[in-house]
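See structure below.
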Amino acid sequence: MPCFPNPGTVTICEINRDLITADVLSDDRAKETYGKLIGMVFSPVPFQSEEPDHQETEQGGRRNGETEGFLSTLLGLKRIFYPNHVNLLPEVDLQGVSWHQYKNIIAFISGTNQVIVRDFEDSEGKDPCILTSESQRNVQVLEWRPNGGRSLSIGCKGGICIWAASYPGNAASVRSGAASFLGTLSRGSGTRWTLVDFLQSENGEHITGLSWSPDGRWLASASYESSSFTIWDVAQGLGVPIRRGLAGISMLKWSPTGDYFFSAKFDGTFYLWETNLWTSEPWSSTSGFVKGATWDPEGRMILLAFSGSSTLGSIHFASKPPSLDAHLLPVDLPEILSLTGSGFIRGPGDYPKPLTFAFHDKFKQGPLLSVCWSSGFCCTYPLIFQSHVLP
């Protein structure tokens, strides 16, 4: 078991279960450690709340000290990641950060109405791009489109913004029939991004859940304000609601093969669906609602984490699709209780809190974890095993 980082240090990476730390964030330290092994460095991406400082005077006086600025940023970020709604508990982590499936490109929510995209492969654009639009209000969730090039979906108030990368001589095209206000360009250097579509939700509902089918054709969306979820044919801009008394949906997860679909509610119930005829089987939990869910690569098992338990649930399908015959097995984590209140990954700043995080699905050299911290940085941590490092 690796040792905990010393207080006051920041984590740089993990190599063969040894945590590498430094006194401050440093690209030089990253180059010396994991950079020489994988051939690149994931620089921290700074961000700040876009909430205006109403206490500045007309004479240009500013609020005193970094503490108040930090508190303002933290309060703004809590509004972003933890929506103020009776059915949403504070510990719910919406998908506020997402890695591109095949590229070293990260996107994360950086303000109430904005998203930052950082392409670590773009040598000309070291500064991140900021995606903003009048259509993109109160962002809650985002996810890259599989097999869709550089295309990003962002769930917000009233619908879903679809952004695509534009290149010189090859501008991203707006979907035929889409509203004329689309086509907003991003701010920042390097690759330019264009808002190519806006999928309007039924009754202007706030989109808080997104999941793409593995082929990138269908997009599922949900809202905690709705009793249904919607399956979108994105090319046509058309959505079909699935209505079966599903009020208070907290999570959607398409399986990697596309044969199955998972949906969860805040009351502790969840559903397994087959996607041929969209029939489902309900399940219930006595351990709280589902806080996290991930499919295995073959789409035959899904691993669940619950809000009121340190025991995971592993659901295995007993036969081939479209059968919904499945078995739930407990997965105990006896060591997790002793680790409560501590952390192996330490972020920058004074007592930073992790707001949201995500792993890169296809990073070849090992796990790649990104965390958005309350101190205003999105940091990436390679977790490297030497046997996985390319020569």
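Convention: chains lettered A, B, ... in structure tokens order; per-chain residue numbering from 1; ligands numbered from 1 as shown.
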
Where does range 296-374 of chain A meet range 13-36 of chain A within 12 Å, residue by residue, with the nearest atom pair and distance in Å to one decimal for each, counting only C-alpha atoms, listed by chain and rising number, as a tab-separated table?
residue	atom	partner	partner_atom	distance
A:Gly343	CA	A:Leu19	CA	11.4
A:Phe344	CA	A:Leu19	CA	7.7
A:Ile345	CA	A:Leu19	CA	8.4
A:Arg346	CA	A:Thr21	CA	8.7
A:Gly347	CA	A:Leu25	CA	8.9
A:Pro348	CA	A:Leu25	CA	7.0
A:Gly349	CA	A:Val24	CA	8.9
A:Asp350	CA	A:Val24	CA	11.6
A:Gln365	CA	A:Tyr34	CA	10.4
A:Gly366	CA	A:Ile15	CA	10.0
A:Pro367	CA	A:Glu14	CA	9.8
A:Leu368	CA	A:Cys13	CA	9.3
A:Leu369	CA	A:Cys13	CA	9.5
A:Ser370	CA	A:Cys13	CA	11.0

Inset, instruction - With a distance cut-off of 10 Å and only C-alpha atoms, select the neighbouring residues of Gly248 in chain A, excluding the residue or stretch itself and same-chain residues fewer than 5 positions from it, and output the selection as a PyMOL selection string. - result: chain A and resi 87-88+222-228+264-267

Requested write-out: N, CA, C and O atoms of the selected residues, as an mmCIF file, in the first residue's frame:
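Okay, again-v6.cif is ready:
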data_model
loop_
_atom_site.group_PDB
_atom_site.id
_atom_site.type_symbol
_atom_site.label_atom_id
_atom_site.label_comp_id
_atom_site.auth_asym_id
_atom_site.auth_seq_id
_atom_site.Cartn_x
_atom_site.Cartn_y
_atom_site.Cartn_z
ATOM 1 N N ASN A 87 -34.379 17.211 -5.018
ATOM 2 C CA ASN A 87 -34.096 15.808 -5.268
ATOM 3 C C ASN A 87 -32.626 15.501 -5.492
ATOM 4 O O ASN A 87 -32.262 14.363 -5.754
ATOM 5 N N LEU A 88 -31.765 16.523 -5.406
ATOM 6 C CA LEU A 88 -30.344 16.309 -5.607
ATOM 7 C C LEU A 88 -29.601 16.516 -4.292
ATOM 8 O O LEU A 88 -29.643 17.591 -3.721
ATOM 9 N N ALA A 222 -31.399 13.120 -19.929
ATOM 10 C CA ALA A 222 -32.380 13.056 -18.854
ATOM 11 C C ALA A 222 -32.309 14.322 -18.031
ATOM 12 O O ALA A 222 -31.324 15.063 -18.081
ATOM 13 N N SER A 223 -33.368 14.553 -17.252
ATOM 14 C CA SER A 223 -33.434 15.690 -16.349
ATOM 15 C C SER A 223 -34.060 15.249 -15.046
ATOM 16 O O SER A 223 -34.995 14.436 -15.036
ATOM 17 N N TYR A 224 -33.552 15.779 -13.935
ATOM 18 C CA TYR A 224 -34.186 15.465 -12.658
ATOM 19 C C TYR A 224 -35.567 16.107 -12.556
ATOM 20 O O TYR A 224 -36.338 15.796 -11.652
ATOM 21 N N GLU A 225 -35.898 16.991 -13.512
ATOM 22 C CA GLU A 225 -37.206 17.636 -13.524
ATOM 23 C C GLU A 225 -38.244 16.837 -14.303
ATOM 24 O O GLU A 225 -39.415 17.211 -14.328
ATOM 25 N N SER A 226 -37.838 15.731 -14.941
ATOM 26 C CA SER A 226 -38.712 15.011 -15.859
ATOM 27 C C SER A 226 -38.975 13.593 -15.389
ATOM 28 O O SER A 226 -38.196 13.018 -14.630
ATOM 29 N N SER A 227 -40.056 13.011 -15.863
ATOM 30 C CA SER A 227 -40.400 11.624 -15.557
ATOM 31 C C SER A 227 -40.027 10.691 -16.701
ATOM 32 O O SER A 227 -40.522 9.570 -16.785
ATOM 33 N N SER A 228 -39.170 11.134 -17.610
ATOM 34 C CA SER A 228 -38.750 10.311 -18.735
ATOM 35 C C SER A 228 -37.327 10.655 -19.118
ATOM 36 O O SER A 228 -36.759 11.640 -18.639
ATOM 37 N N ALA A 264 -30.701 5.280 -13.436
ATOM 38 C CA ALA A 264 -30.849 5.249 -11.983
ATOM 39 C C ALA A 264 -31.638 6.460 -11.520
ATOM 40 O O ALA A 264 -31.648 7.512 -12.169
ATOM 41 N N LYS A 265 -32.295 6.306 -10.360
ATOM 42 C CA LYS A 265 -33.097 7.368 -9.774
ATOM 43 C C LYS A 265 -32.573 7.704 -8.378
ATOM 44 O O LYS A 265 -31.872 6.912 -7.763
ATOM 45 N N PHE A 266 -32.977 8.858 -7.890
ATOM 46 C CA PHE A 266 -32.520 9.299 -6.577
ATOM 47 C C PHE A 266 -33.204 8.562 -5.426
ATOM 48 O O PHE A 266 -32.766 8.681 -4.290
ATOM 49 N N ASP A 267 -34.262 7.816 -5.698
ATOM 50 C CA ASP A 267 -34.948 7.097 -4.625
ATOM 51 C C ASP A 267 -34.340 5.722 -4.366
ATOM 52 O O ASP A 267 -34.863 4.945 -3.557
#

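Between CA of Leu199 in chain A and CA of Gly237 in chain A the separation is 6.4 Å.
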
Inset, instruction - Please give the complete set of residues from range 256-371 of chain A that DSSP, run on the backbone, assigns to helix (DSSP H, G or I), formatted as a PyMOL selection string. - result: chain A and resi 336-339

Since we have the selection now, will you write its residues out, keeping all heavy atoms, as a tab-separated table (two decimals), in the first residue's frame?
chain	number	residue	atom	x	y	z
A	336	ILE	N	-11.57	0.37	2.61
A	336	ILE	CA	-12.01	1.73	2.27
A	336	ILE	C	-12.34	2.53	3.53
A	336	ILE	O	-12.13	3.75	3.56
A	336	ILE	CB	-13.22	1.67	1.33
A	336	ILE	CG1	-13.41	3.01	0.60
A	336	ILE	CG2	-14.49	1.31	2.06
A	336	ILE	CD1	-12.35	3.32	-0.40
A	337	LEU	N	-12.81	1.88	4.59
A	337	LEU	CA	-13.18	2.61	5.80
A	337	LEU	C	-11.96	3.22	6.47
A	337	LEU	O	-12.01	4.33	7.01
A	337	LEU	CB	-13.91	1.67	6.77
A	337	LEU	CG	-15.28	1.16	6.29
A	337	LEU	CD1	-15.88	0.23	7.35
A	337	LEU	CD2	-16.22	2.31	6.01
A	338	SER	N	-10.83	2.52	6.42
A	338	SER	CA	-9.62	3.05	7.05
A	338	SER	C	-9.04	4.22	6.28
A	338	SER	O	-8.23	4.98	6.81
A	338	SER	CB	-8.56	1.94	7.16
A	338	SER	OG	-8.15	1.52	5.88
A	339	LEU	N	-9.44	4.38	5.04
A	339	LEU	CA	-8.92	5.47	4.20
A	339	LEU	C	-9.82	6.68	4.20
A	339	LEU	O	-9.47	7.71	3.62
A	339	LEU	CB	-8.74	4.98	2.76
A	339	LEU	CG	-7.81	3.79	2.57
A	339	LEU	CD1	-7.77	3.39	1.10
A	339	LEU	CD2	-6.41	4.12	3.05

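Residue nearest Ile162 in chain A, chosen from A:Trp278, A:Trp144, A:Phe198, A:Phe270 and counting only C-alpha atoms: A:Phe198.
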
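Every residue of range 296-345 of chain A with a DSSP assignment of strand (DSSP E), taken from the backbone, is listed as Met301, Ile302, Leu303, Leu304, Ala305, Phe306, Leu312, Gly313, Ser314, Ile315, His316, Phe317, Ala326, His327, Leu328, Leu329, Pro330 and Val331 of chain A.
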
Legend entry - Trp373 in chain A surroundings by only C-alpha atoms, 9 Å radius, close-in-sequence under 3 positions cut, as a list in words: Gly347, Pro348, Gly349, Pro352, Lys353, Pro354, Leu355, Thr356, Phe357, Gly376, Phe377, Cys378 and Cys379 of chain A

Quick one: write out the picked residues with all heavy atoms as a compact mmCIF listing (two decimals), in the first residue's frame?
# COMPACT_ATOMS: atom_id res chain seq x y z
N GLY A 347 -4.40 17.92 -4.20
CA GLY A 347 -4.46 19.00 -5.15
C GLY A 347 -3.78 20.26 -4.66
O GLY A 347 -3.33 20.34 -3.51
N PRO A 348 -3.70 21.29 -5.51
CA PRO A 348 -3.03 22.54 -5.14
C PRO A 348 -3.91 23.43 -4.28
O PRO A 348 -5.14 23.33 -4.30
CB PRO A 348 -2.77 23.20 -6.50
CG PRO A 348 -3.89 22.69 -7.36
CD PRO A 348 -4.16 21.29 -6.90
N GLY A 349 -3.28 24.31 -3.51
CA GLY A 349 -4.02 25.27 -2.69
C GLY A 349 -4.20 24.78 -1.26
O GLY A 349 -3.79 23.68 -0.88
N PRO A 352 -7.79 21.96 -0.63
CA PRO A 352 -8.63 21.88 -1.84
C PRO A 352 -9.58 20.69 -1.76
O PRO A 352 -9.24 19.64 -1.19
CB PRO A 352 -7.61 21.70 -2.95
CG PRO A 352 -6.46 21.00 -2.29
CD PRO A 352 -6.40 21.56 -0.89
N LYS A 353 -10.74 20.84 -2.33
CA LYS A 353 -11.73 19.78 -2.38
C LYS A 353 -11.90 19.33 -3.83
O LYS A 353 -12.01 20.16 -4.72
CB LYS A 353 -13.08 20.26 -1.84
CG LYS A 353 -13.04 20.78 -0.41
CD LYS A 353 -12.69 19.68 0.57
CE LYS A 353 -12.71 20.21 2.00
NZ LYS A 353 -12.30 19.16 2.96
N PRO A 354 -11.94 18.01 -4.07
CA PRO A 354 -12.20 17.54 -5.43
C PRO A 354 -13.68 17.76 -5.78
O PRO A 354 -14.56 17.33 -5.04
CB PRO A 354 -11.86 16.05 -5.37
CG PRO A 354 -12.04 15.68 -3.92
CD PRO A 354 -11.70 16.90 -3.12
N LEU A 355 -13.94 18.43 -6.88
CA LEU A 355 -15.31 18.73 -7.29
C LEU A 355 -15.85 17.68 -8.24
O LEU A 355 -17.02 17.31 -8.16
CB LEU A 355 -15.37 20.12 -7.95
CG LEU A 355 -14.94 21.29 -7.07
CD1 LEU A 355 -14.91 22.57 -7.89
CD2 LEU A 355 -15.89 21.44 -5.89
N THR A 356 -15.03 17.23 -9.14
CA THR A 356 -15.42 16.19 -10.08
C THR A 356 -14.16 15.60 -10.68
O THR A 356 -13.10 16.23 -10.66
CB THR A 356 -16.34 16.76 -11.18
OG1 THR A 356 -16.83 15.70 -12.02
CG2 THR A 356 -15.62 17.80 -12.03
N PHE A 357 -14.24 14.37 -11.21
CA PHE A 357 -13.05 13.72 -11.75
C PHE A 357 -13.45 12.71 -12.81
O PHE A 357 -14.62 12.31 -12.91
CB PHE A 357 -12.24 13.04 -10.64
CG PHE A 357 -12.98 11.94 -9.93
CD1 PHE A 357 -12.92 10.63 -10.38
CD2 PHE A 357 -13.73 12.21 -8.78
CE1 PHE A 357 -13.61 9.62 -9.73
CE2 PHE A 357 -14.41 11.20 -8.12
CZ PHE A 357 -14.35 9.90 -8.60
N GLY A 376 -9.38 25.92 -8.08
CA GLY A 376 -9.39 26.52 -9.41
C GLY A 376 -8.39 25.93 -10.38
O GLY A 376 -7.90 26.64 -11.26
N PHE A 377 -8.10 24.63 -10.27
CA PHE A 377 -7.23 23.96 -11.21
C PHE A 377 -7.83 22.62 -11.60
O PHE A 377 -8.38 21.91 -10.76
CB PHE A 377 -5.83 23.72 -10.63
CG PHE A 377 -4.99 24.95 -10.49
CD1 PHE A 377 -5.01 25.67 -9.30
CD2 PHE A 377 -4.19 25.38 -11.53
CE1 PHE A 377 -4.24 26.82 -9.16
CE2 PHE A 377 -3.41 26.52 -11.39
CZ PHE A 377 -3.43 27.24 -10.22
N CYS A 378 -7.70 22.28 -12.89
CA CYS A 378 -8.00 20.92 -13.34
C CYS A 378 -6.66 20.24 -13.58
O CYS A 378 -5.90 20.62 -14.49
CB CYS A 378 -8.82 20.94 -14.62
SG CYS A 378 -9.32 19.29 -15.18
N CYS A 379 -6.33 19.26 -12.73
CA CYS A 379 -5.02 18.61 -12.76
C CYS A 379 -5.15 17.18 -13.25
O CYS A 379 -6.14 16.50 -12.95
CB CYS A 379 -4.39 18.61 -11.37
SG CYS A 379 -4.10 20.27 -10.70

Legend entry - For CA of Val141 in chain A and CA of Val174 in chain A, the interatomic separation in Å (one decimal): 21.8 Å

Legend entry - Within 12 Å of Ala171 in chain A using only C-alpha atoms, minus same-chain residues under 4 positions, as a PyMOL selection string: chain A and resi 163-167+183+185+191-196

Using N, CA, C and O atoms, can you export the residues from the last selection as a short mmCIF file (atom, residue, chain, number, x, y, z; two decimals), in the first residue's frame?
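Output below, filename selection-v8.cif:
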data_model
loop_
_atom_site.label_atom_id
_atom_site.label_comp_id
_atom_site.auth_asym_id
_atom_site.auth_seq_id
_atom_site.Cartn_x
_atom_site.Cartn_y
_atom_site.Cartn_z
N TRP A 163 -21.08 20.90 -29.87
CA TRP A 163 -19.95 21.66 -30.39
C TRP A 163 -19.07 20.74 -31.24
O TRP A 163 -18.96 19.55 -30.97
N ALA A 164 -18.44 21.32 -32.29
CA ALA A 164 -17.52 20.56 -33.13
C ALA A 164 -16.32 21.44 -33.46
O ALA A 164 -16.43 22.67 -33.54
N ALA A 165 -15.16 20.79 -33.64
CA ALA A 165 -13.94 21.52 -33.95
C ALA A 165 -13.96 21.99 -35.40
O ALA A 165 -14.44 21.29 -36.29
N SER A 166 -13.43 23.19 -35.63
CA SER A 166 -13.29 23.74 -36.97
C SER A 166 -11.81 23.95 -37.27
O SER A 166 -11.03 24.33 -36.39
N TYR A 167 -11.43 23.68 -38.51
CA TYR A 167 -10.05 23.84 -38.94
C TYR A 167 -10.00 24.75 -40.16
O TYR A 167 -10.99 24.89 -40.88
N GLY A 183 -23.61 28.55 -34.42
CA GLY A 183 -22.39 28.92 -35.11
C GLY A 183 -21.47 29.78 -34.28
O GLY A 183 -20.50 30.32 -34.79
N LEU A 185 -18.51 31.00 -32.17
CA LEU A 185 -17.12 30.54 -32.09
C LEU A 185 -16.62 30.60 -30.65
O LEU A 185 -17.04 31.45 -29.87
N THR A 191 -7.14 25.21 -31.93
CA THR A 191 -8.33 24.75 -32.64
C THR A 191 -9.54 25.61 -32.28
O THR A 191 -9.75 25.95 -31.12
N ARG A 192 -10.34 25.93 -33.28
CA ARG A 192 -11.56 26.69 -33.05
C ARG A 192 -12.73 25.72 -32.95
O ARG A 192 -12.76 24.66 -33.57
N TRP A 193 -13.72 26.10 -32.15
CA TRP A 193 -14.89 25.27 -31.92
C TRP A 193 -16.15 26.03 -32.32
O TRP A 193 -16.26 27.23 -32.09
N THR A 194 -17.09 25.30 -32.92
CA THR A 194 -18.33 25.90 -33.41
C THR A 194 -19.53 25.19 -32.81
O THR A 194 -19.57 23.95 -32.76
N LEU A 195 -20.51 25.96 -32.35
CA LEU A 195 -21.77 25.39 -31.88
C LEU A 195 -22.60 25.01 -33.10
O LEU A 195 -23.11 25.88 -33.81
N VAL A 196 -22.71 23.72 -33.38
CA VAL A 196 -23.32 23.25 -34.62
C VAL A 196 -24.77 22.83 -34.44
O VAL A 196 -25.49 22.65 -35.43
#

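Our summary of the geometry notes that CA of Ile105 in chain A is positioned 6.0 Å from CA of Phe120 in chain A.
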